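What follows is entry.csv (CSV, C-alpha atoms).
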```
chain,number,residue,atom,x,y,z
A,1,MET,CA,-40.6,-30.3,-61.5
A,2,ALA,CA,-39.1,-27.6,-63.7
A,3,ASP,CA,-40.3,-24.7,-61.7
A,4,LYS,CA,-39.0,-25.6,-58.2
A,5,LYS,CA,-40.2,-23.1,-55.7
A,6,VAL,CA,-37.8,-22.4,-52.9
A,7,ARG,CA,-39.6,-23.2,-49.6
A,8,TYR,CA,-38.3,-22.6,-46.1
A,9,LEU,CA,-39.1,-24.4,-43.0
A,10,LYS,CA,-38.6,-21.3,-40.9
A,11,SER,CA,-39.3,-17.7,-41.8
A,12,ILE,CA,-36.2,-15.9,-43.0
A,13,GLU,CA,-34.6,-13.5,-40.6
A,14,ILE,CA,-34.1,-10.3,-42.4
A,15,ASP,CA,-33.4,-7.2,-40.2
A,16,THR,CA,-35.5,-8.7,-37.4
A,17,LYS,CA,-32.4,-9.3,-35.4
A,18,ALA,CA,-32.1,-5.8,-34.0
A,19,GLU,CA,-34.2,-5.9,-30.8
A,20,ARG,CA,-36.5,-3.1,-30.2
A,21,TYR,CA,-37.0,-1.8,-26.7
A,22,CYS,CA,-38.7,1.1,-25.1
A,23,ARG,CA,-36.1,3.5,-23.9
A,24,PHE,CA,-38.3,4.9,-21.2
A,25,ARG,CA,-39.2,1.5,-19.8
A,26,LYS,CA,-35.6,0.4,-19.9
A,27,LYS,CA,-34.3,3.4,-18.0
A,28,GLY,CA,-37.2,3.5,-15.5
A,29,PHE,CA,-38.7,6.8,-16.4
A,30,LYS,CA,-41.8,7.8,-14.4
A,31,TYR,CA,-42.4,11.2,-15.9
A,32,ILE,CA,-41.4,12.9,-19.1
A,33,ASP,CA,-40.6,16.5,-18.7
A,34,TYR,CA,-42.1,19.0,-21.2
A,35,LYS,CA,-39.5,21.7,-20.1
A,36,ASP,CA,-36.6,19.7,-21.6
A,37,PRO,CA,-36.8,20.4,-25.4
A,38,ASP,CA,-33.4,19.0,-26.1
A,39,PHE,CA,-34.4,15.6,-24.9
A,40,LEU,CA,-37.8,15.7,-26.7
A,41,LEU,CA,-36.1,16.5,-30.0
A,42,MET,CA,-34.9,12.9,-30.0
A,43,LEU,CA,-38.5,11.8,-30.6
A,44,CYS,CA,-39.0,14.2,-33.5
A,45,ASN,CA,-38.0,14.1,-37.1
A,46,PRO,CA,-36.2,17.1,-38.8
A,47,GLN,CA,-39.5,18.7,-39.6
A,48,GLY,CA,-40.5,18.7,-35.9
A,49,LYS,CA,-43.1,16.0,-36.3
A,50,ILE,CA,-43.5,13.3,-33.6
A,51,LEU,CA,-41.9,10.0,-34.7
A,52,PRO,CA,-44.2,7.0,-34.6
A,53,ARG,CA,-43.9,4.2,-32.2
A,54,ARG,CA,-42.9,1.7,-34.9
A,55,LEU,CA,-39.7,3.7,-35.5
A,56,THR,CA,-38.7,4.6,-32.0
A,57,GLY,CA,-39.8,1.4,-30.3
A,58,THR,CA,-41.5,3.3,-27.4
A,59,SER,CA,-44.2,1.5,-25.6
A,60,LEU,CA,-47.8,2.9,-25.9
A,61,LYS,CA,-47.9,4.1,-22.3
A,62,TYR,CA,-44.8,6.3,-22.8
A,63,GLN,CA,-45.6,7.3,-26.3
A,64,ARG,CA,-48.7,8.9,-25.0
A,65,LYS,CA,-46.8,10.7,-22.3
A,66,ALA,CA,-44.1,11.8,-24.7
A,67,SER,CA,-46.5,13.1,-27.2
A,68,GLN,CA,-48.3,15.1,-24.5
A,69,ALA,CA,-45.0,16.5,-23.4
A,70,ILE,CA,-44.0,17.5,-26.9
A,71,LYS,CA,-47.3,19.3,-27.4
A,72,LYS,CA,-46.9,21.2,-24.2
A,73,ALA,CA,-43.4,22.2,-25.2
A,74,ARG,CA,-44.7,23.4,-28.5
A,75,HIS,CA,-47.4,25.6,-26.8
A,76,LEU,CA,-44.7,27.3,-24.7
A,77,ALA,CA,-42.6,27.9,-27.8
A,78,LEU,CA,-39.8,25.7,-26.4
A,79,MET,CA,-40.2,23.6,-29.6
A,80,PRO,CA,-41.4,24.5,-33.0
A,81,TYR,CA,-44.6,23.3,-34.5
A,82,VAL,CA,-43.0,23.2,-37.9
A,83,ALA,CA,-39.3,23.4,-38.7
A,84,ASP,CA,-36.9,22.8,-41.5
A,85,ASN,CA,-33.8,21.4,-40.0
A,86,LEU,CA,-33.9,20.1,-36.5
A,87,ASN,CA,-31.6,17.4,-35.0
B,1,MET,CA,-55.1,20.8,-2.0
B,2,ASN,CA,-53.6,20.1,-5.4
B,3,ARG,CA,-50.2,21.1,-6.7
B,4,TYR,CA,-49.9,23.0,-9.9
B,5,GLU,CA,-47.1,24.1,-12.1
B,6,THR,CA,-47.4,27.3,-14.2
B,7,VAL,CA,-45.0,28.5,-16.8
B,8,PHE,CA,-45.7,31.8,-18.4
B,9,ILE,CA,-43.9,34.0,-20.9
B,10,MET,CA,-43.8,37.8,-20.5
B,11,THR,CA,-43.1,40.3,-23.3
B,12,PRO,CA,-39.4,41.2,-23.8
B,13,VAL,CA,-40.4,44.9,-23.8
B,14,LEU,CA,-40.6,44.9,-20.0
B,15,SER,CA,-37.8,46.2,-17.8
B,16,ALA,CA,-36.3,44.2,-15.0
B,17,ASP,CA,-38.4,46.0,-12.4
B,18,GLN,CA,-41.6,45.4,-14.4
B,19,VAL,CA,-40.8,41.7,-14.7
B,20,THR,CA,-40.5,41.4,-10.9
B,21,GLU,CA,-43.6,43.5,-10.5
B,22,THR,CA,-45.7,41.1,-12.8
B,23,VAL,CA,-44.3,38.0,-11.0
B,24,GLU,CA,-45.2,39.6,-7.7
B,25,LYS,CA,-48.7,40.2,-8.9
B,26,TYR,CA,-49.3,36.5,-9.6
B,27,ARG,CA,-47.6,35.4,-6.4
B,28,ALA,CA,-50.0,37.6,-4.5
B,29,LEU,CA,-52.9,36.3,-6.5
B,30,ILE,CA,-52.1,32.7,-5.5
B,31,ILE,CA,-52.1,33.7,-1.8
B,32,ALA,CA,-55.3,35.7,-2.3
B,33,ASN,CA,-57.0,32.5,-3.7
B,34,GLY,CA,-56.0,30.6,-0.6
B,35,GLY,CA,-52.9,28.9,-1.9
B,36,LYS,CA,-49.2,29.1,-1.4
B,37,THR,CA,-46.1,29.0,-3.7
B,38,VAL,CA,-43.8,26.0,-3.3
B,39,HIS,CA,-41.0,26.9,-5.7
B,40,GLU,CA,-40.1,29.5,-8.2
B,41,ASP,CA,-37.7,29.6,-11.1
B,42,ALA,CA,-36.9,32.5,-13.4
B,43,TRP,CA,-35.5,31.3,-16.7
B,44,GLY,CA,-34.9,34.8,-17.8
B,45,LEU,CA,-34.9,36.0,-21.4
B,46,ARG,CA,-35.2,33.1,-23.8
B,47,LYS,CA,-35.5,32.8,-27.5
B,48,LEU,CA,-38.9,31.5,-28.7
B,49,ALA,CA,-39.1,28.6,-31.1
B,50,TYR,CA,-41.5,30.6,-33.2
B,51,PRO,CA,-42.7,34.3,-33.0
B,52,ILE,CA,-45.7,35.0,-30.7
B,53,GLN,CA,-47.4,38.4,-31.2
B,54,LYS,CA,-44.4,39.3,-33.5
B,55,LYS,CA,-42.0,38.9,-30.6
B,56,SER,CA,-39.1,36.5,-31.0
B,57,THR,CA,-37.9,36.5,-27.3
B,58,GLY,CA,-39.7,36.4,-23.9
B,59,PHE,CA,-39.1,36.3,-20.2
B,60,TYR,CA,-39.9,32.8,-18.9
B,61,HIS,CA,-41.0,32.2,-15.4
B,62,LEU,CA,-42.1,29.1,-13.5
B,63,ILE,CA,-44.2,28.9,-10.4
B,64,GLU,CA,-45.0,25.8,-8.5
B,65,TRP,CA,-47.9,26.3,-6.2
B,66,GLU,CA,-50.5,24.6,-4.0
B,67,ALA,CA,-54.2,25.5,-3.9
B,68,GLU,CA,-57.7,24.1,-4.2
B,69,GLY,CA,-58.8,23.3,-7.7
B,70,SER,CA,-61.2,26.3,-7.7
B,71,ALA,CA,-58.3,28.7,-7.6
B,72,VAL,CA,-57.1,27.8,-11.1
B,73,LEU,CA,-59.8,29.4,-13.1
B,74,PRO,CA,-59.5,33.0,-11.6
B,75,PHE,CA,-55.7,32.6,-11.8
B,76,GLU,CA,-55.8,31.8,-15.5
B,77,THR,CA,-58.4,34.5,-16.3
B,78,GLU,CA,-55.9,37.0,-15.0
B,79,PHE,CA,-53.3,35.7,-17.4
B,80,ARG,CA,-55.7,36.1,-20.3
B,81,ARG,CA,-56.5,39.7,-19.4
B,82,ASP,CA,-52.9,40.7,-18.9
B,83,GLU,CA,-51.3,42.2,-22.0
B,84,ARG,CA,-47.8,41.6,-20.6
B,85,ILE,CA,-48.3,37.8,-20.9
B,86,LEU,CA,-47.6,36.2,-24.2
B,87,ARG,CA,-48.3,32.5,-23.2
B,88,PHE,CA,-49.0,30.5,-20.1
B,89,LEU,CA,-49.5,26.9,-19.3
B,90,THR,CA,-50.8,25.4,-16.0
B,91,THR,CA,-50.4,21.7,-15.4
B,92,ALA,CA,-51.7,19.7,-12.4
B,93,MET,CA,-48.8,17.8,-11.0
B,94,GLU,CA,-49.3,14.1,-10.3
B,95,LYS,CA,-47.0,12.2,-7.9
B,96,HIS,CA,-44.3,11.3,-10.4
B,97,HIS,CA,-44.2,14.8,-11.6
B,98,ILE,CA,-43.8,16.1,-8.1
B,99,ALA,CA,-41.1,13.5,-7.3
B,100,TYR,CA,-39.3,14.5,-10.5
B,101,ALA,CA,-39.4,18.2,-9.8
B,102,GLU,CA,-38.1,17.7,-6.2
B,103,SER,CA,-35.3,15.4,-7.2
B,104,ARG,CA,-34.2,17.9,-9.8
B,105,ARG,CA,-34.2,20.7,-7.2
B,106,ASP,CA,-32.1,18.6,-4.9
B,107,LYS,CA,-29.6,18.0,-7.6
B,108,SER,CA,-29.2,21.7,-8.5
B,109,ASN,CA,-28.9,22.5,-4.7
B,110,ARG,CA,-26.1,20.0,-4.3
B,111,LYS,CA,-24.2,21.3,-7.3
B,112,ALA,CA,-24.5,24.9,-6.0
B,113,GLU,CA,-23.4,24.3,-2.4
B,114,PRO,CA,-20.4,21.9,-2.0
B,115,LYS,CA,-17.6,22.8,-4.4
B,116,GLN,CA,-14.8,21.6,-2.1
B,117,GLU,CA,-16.2,18.1,-1.8
B,118,ALA,CA,-16.4,17.7,-5.6
B,119,GLU,CA,-12.6,18.5,-5.8
B,120,VAL,CA,-11.8,15.8,-3.3
B,121,VAL,CA,-13.8,13.2,-5.3
B,122,VAL,CA,-11.8,14.1,-8.4
B,123,GLU,CA,-8.5,13.4,-6.6
B,124,MET,CA,-9.5,9.9,-5.6
B,125,PRO,CA,-9.3,8.1,-8.9
B,126,LYS,CA,-6.0,9.7,-9.7
B,127,LYS,CA,-4.4,8.0,-6.7
B,128,GLU,CA,-5.9,4.7,-7.7
B,129,ALA,CA,-4.6,5.1,-11.2
B,130,SER,CA,-1.0,5.8,-10.0
B,131,THR,CA,-1.0,2.7,-7.8
B,132,THR,CA,-2.2,0.5,-10.7
B,133,GLU,CA,0.6,1.9,-12.8
B,134,GLU,CA,3.2,1.0,-10.2
B,135,LYS,CA,1.9,-2.6,-10.0
B,136,ALA,CA,2.0,-2.9,-13.8
```
Will you turn the file into structure tokens for me?
Amino acid sequence: MADKKVRYLKSIEIDTKAERYCRFRKKGFKYIDYKDPDFLLMLCNPQGKILPRRLTGTSLKYQRKASQAIKKARHLALMPYVADNLN
Amino acid sequence: MNRYETVFIMTPVLSADQVTETVEKYRALIIANGGKTVHEDAWGLRKLAYPIQKKSTGFYHLIEWEAEGSAVLPFETEFRRDERILRFLTTAMEKHHIAYAESRRDKSNRKAEPKQEAEVVVEMPKKEASTTEEKA
């Protein structure tokens, strides 16, 4: 048994401790406003792209609403389609 | 009857009179199509996030209105024909959207009206703080 392989009974917990939650579900949002660009910026990266669900933890229902809101805000020039340094 | 919300952007070239004139035109158009306006909000001159028709600013105006669904198409056609309009967006309001808009209106009304009450509220915690200090 020269090459002992390390085996674990449980899967190792690496960075899985931080619990993800949907911020809209937690705060009881019913509607996401497209006229509030400052809030919608939180869901965008510095280039103005919409952040994916796997990074923000938003549930599918609200991700859909949020992305629609962001797209409406872009159409009305409240938010940029492309940017260099947001946030 | 459905409720709709329209936001449109007018060119910054217009004078204040011309802005009110354009808004009045669309207000009249809603009534002509058998609807009524519920709420209006002029955001004024705002900077655009990106240039539209080589303009970097525009007059934003929001109208919340009620009408039959058939009134939307002639309303939007008029926006497309109008050279003073840079952009417009009409959204049908579902119940959560209406509730959100109304609660927000209530909040802004409350802030605008009772200033004296707010001052009284500020005084209250001060008294409590002083009493706790005495106890300590």
Cut-off 12 Å: closest range 59-89 of chain B/range 24-44 of chain A atom pairs per residue, using all atoms listed in the file, as JSON lines:
```
{"residue": "B:Tyr60", "atom": "CA", "partner": "A:Lys35", "partner_atom": "CA", "distance": 11.2}
{"residue": "B:His61", "atom": "CA", "partner": "A:Lys35", "partner_atom": "CA", "distance": 11.6}
{"residue": "B:Leu62", "atom": "CA", "partner": "A:Lys35", "partner_atom": "CA", "distance": 10.3}
{"residue": "B:Leu89", "atom": "CA", "partner": "A:Tyr34", "partner_atom": "CA", "distance": 11.0}
```
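With the cut-off set to 8 Å and all atoms listed in the file counted, chain A residues close to chain B are Lys30, Tyr31, Lys72, His75, Leu76, Ala77, Leu78, Met79 and Pro80 of chain A.
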Correct to one decimal, the distance CA of Ala66 in chain A-CA of Ala67 in chain B is 26.9 Å
Distance of CA of Gly44 in chain B from CA of Lys25 in chain B, expressed in Å to one decimal place:
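Spanning CA of Lys25 in chain B to CA of Gly44 in chain B is a straight-line distance of 17.3 Å.
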State, in Å with one decimal place, the distance from CA of Arg27 in chain B to CA of Val13 in chain B.
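The value is 21.1 Å.
Excluding Thr58 in chain A itself and any same-chain residue fewer than 2 positions from it, the protein and nucleic acid residues within 8 Å of it, counting only C-alpha atoms, are A:Tyr21, A:Cys22, A:Arg23, A:Phe24, A:Arg53, A:Arg54, A:Thr56, A:Leu60, A:Tyr62, A:Gln63.
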Could you save those same residues with C-alpha atoms as a PDB file, in the coordinates of the input?
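The resulting file, part_15.pdb, is reproduced below:
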```pdb
ATOM      1  CA  TYR A  21     -37.000  -1.800 -26.700  1.00  0.00           C
ATOM      2  CA  CYS A  22     -38.700   1.100 -25.100  1.00  0.00           C
ATOM      3  CA  ARG A  23     -36.100   3.500 -23.900  1.00  0.00           C
ATOM      4  CA  PHE A  24     -38.300   4.900 -21.200  1.00  0.00           C
ATOM      5  CA  ARG A  53     -43.900   4.200 -32.200  1.00  0.00           C
ATOM      6  CA  ARG A  54     -42.900   1.700 -34.900  1.00  0.00           C
ATOM      7  CA  THR A  56     -38.700   4.600 -32.000  1.00  0.00           C
ATOM      8  CA  LEU A  60     -47.800   2.900 -25.900  1.00  0.00           C
ATOM      9  CA  TYR A  62     -44.800   6.300 -22.800  1.00  0.00           C
ATOM     10  CA  GLN A  63     -45.600   7.300 -26.300  1.00  0.00           C
TER      11      GLN A  63
END
```
List the residues sitting within 7 Å of (-36.5, 19.6, -36.1) in the file's frame, using all atoms listed in the file, as a PyMOL selection string.
chain A and resi 41+44-48+83-87
Write out the residues from the selection above, keeping C-alpha atoms, as a CSV table (one decimal), in the frame of the given file.
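The new file result.csv reads:
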```csv
chain,number,residue,atom,x,y,z
A,41,LEU,CA,-36.1,16.5,-30.0
A,44,CYS,CA,-39.0,14.2,-33.5
A,45,ASN,CA,-38.0,14.1,-37.1
A,46,PRO,CA,-36.2,17.1,-38.8
A,47,GLN,CA,-39.5,18.7,-39.6
A,48,GLY,CA,-40.5,18.7,-35.9
A,83,ALA,CA,-39.3,23.4,-38.7
A,84,ASP,CA,-36.9,22.8,-41.5
A,85,ASN,CA,-33.8,21.4,-40.0
A,86,LEU,CA,-33.9,20.1,-36.5
A,87,ASN,CA,-31.6,17.4,-35.0
```
Contacts of range 14-21 of chain B at 8 Å (all atoms listed in the file; same-chain gap of 3+ positions) as a list of chain:residue names:
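The residues satisfying every condition are B:Met10, B:Thr11, B:Glu24, B:Lys25, B:Phe59, B:Arg84.
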For a cut-off of 6 Å around (-51.7, 27.9, -2.3), file coordinates, pick out all residues using all atoms listed in the file and list them as a VMD selection string.
chain B and resid 30 to 31 34 to 37 65 to 67
Given only C-alpha atoms as the counted atoms, nearest of A:Ile50, A:Gln68, A:Arg20, A:Lys4 to Tyr81 in chain A
A:Ile50
So that I can see what lies close to Val72 in chain B, please list as number ranges by chain the residues with an atom at most 9 Å from it, counting only C-alpha atoms and leaving out residues fewer than 4 positions away in the same chain.
B: 4, 30, 33, 67-68, 76-77, 90
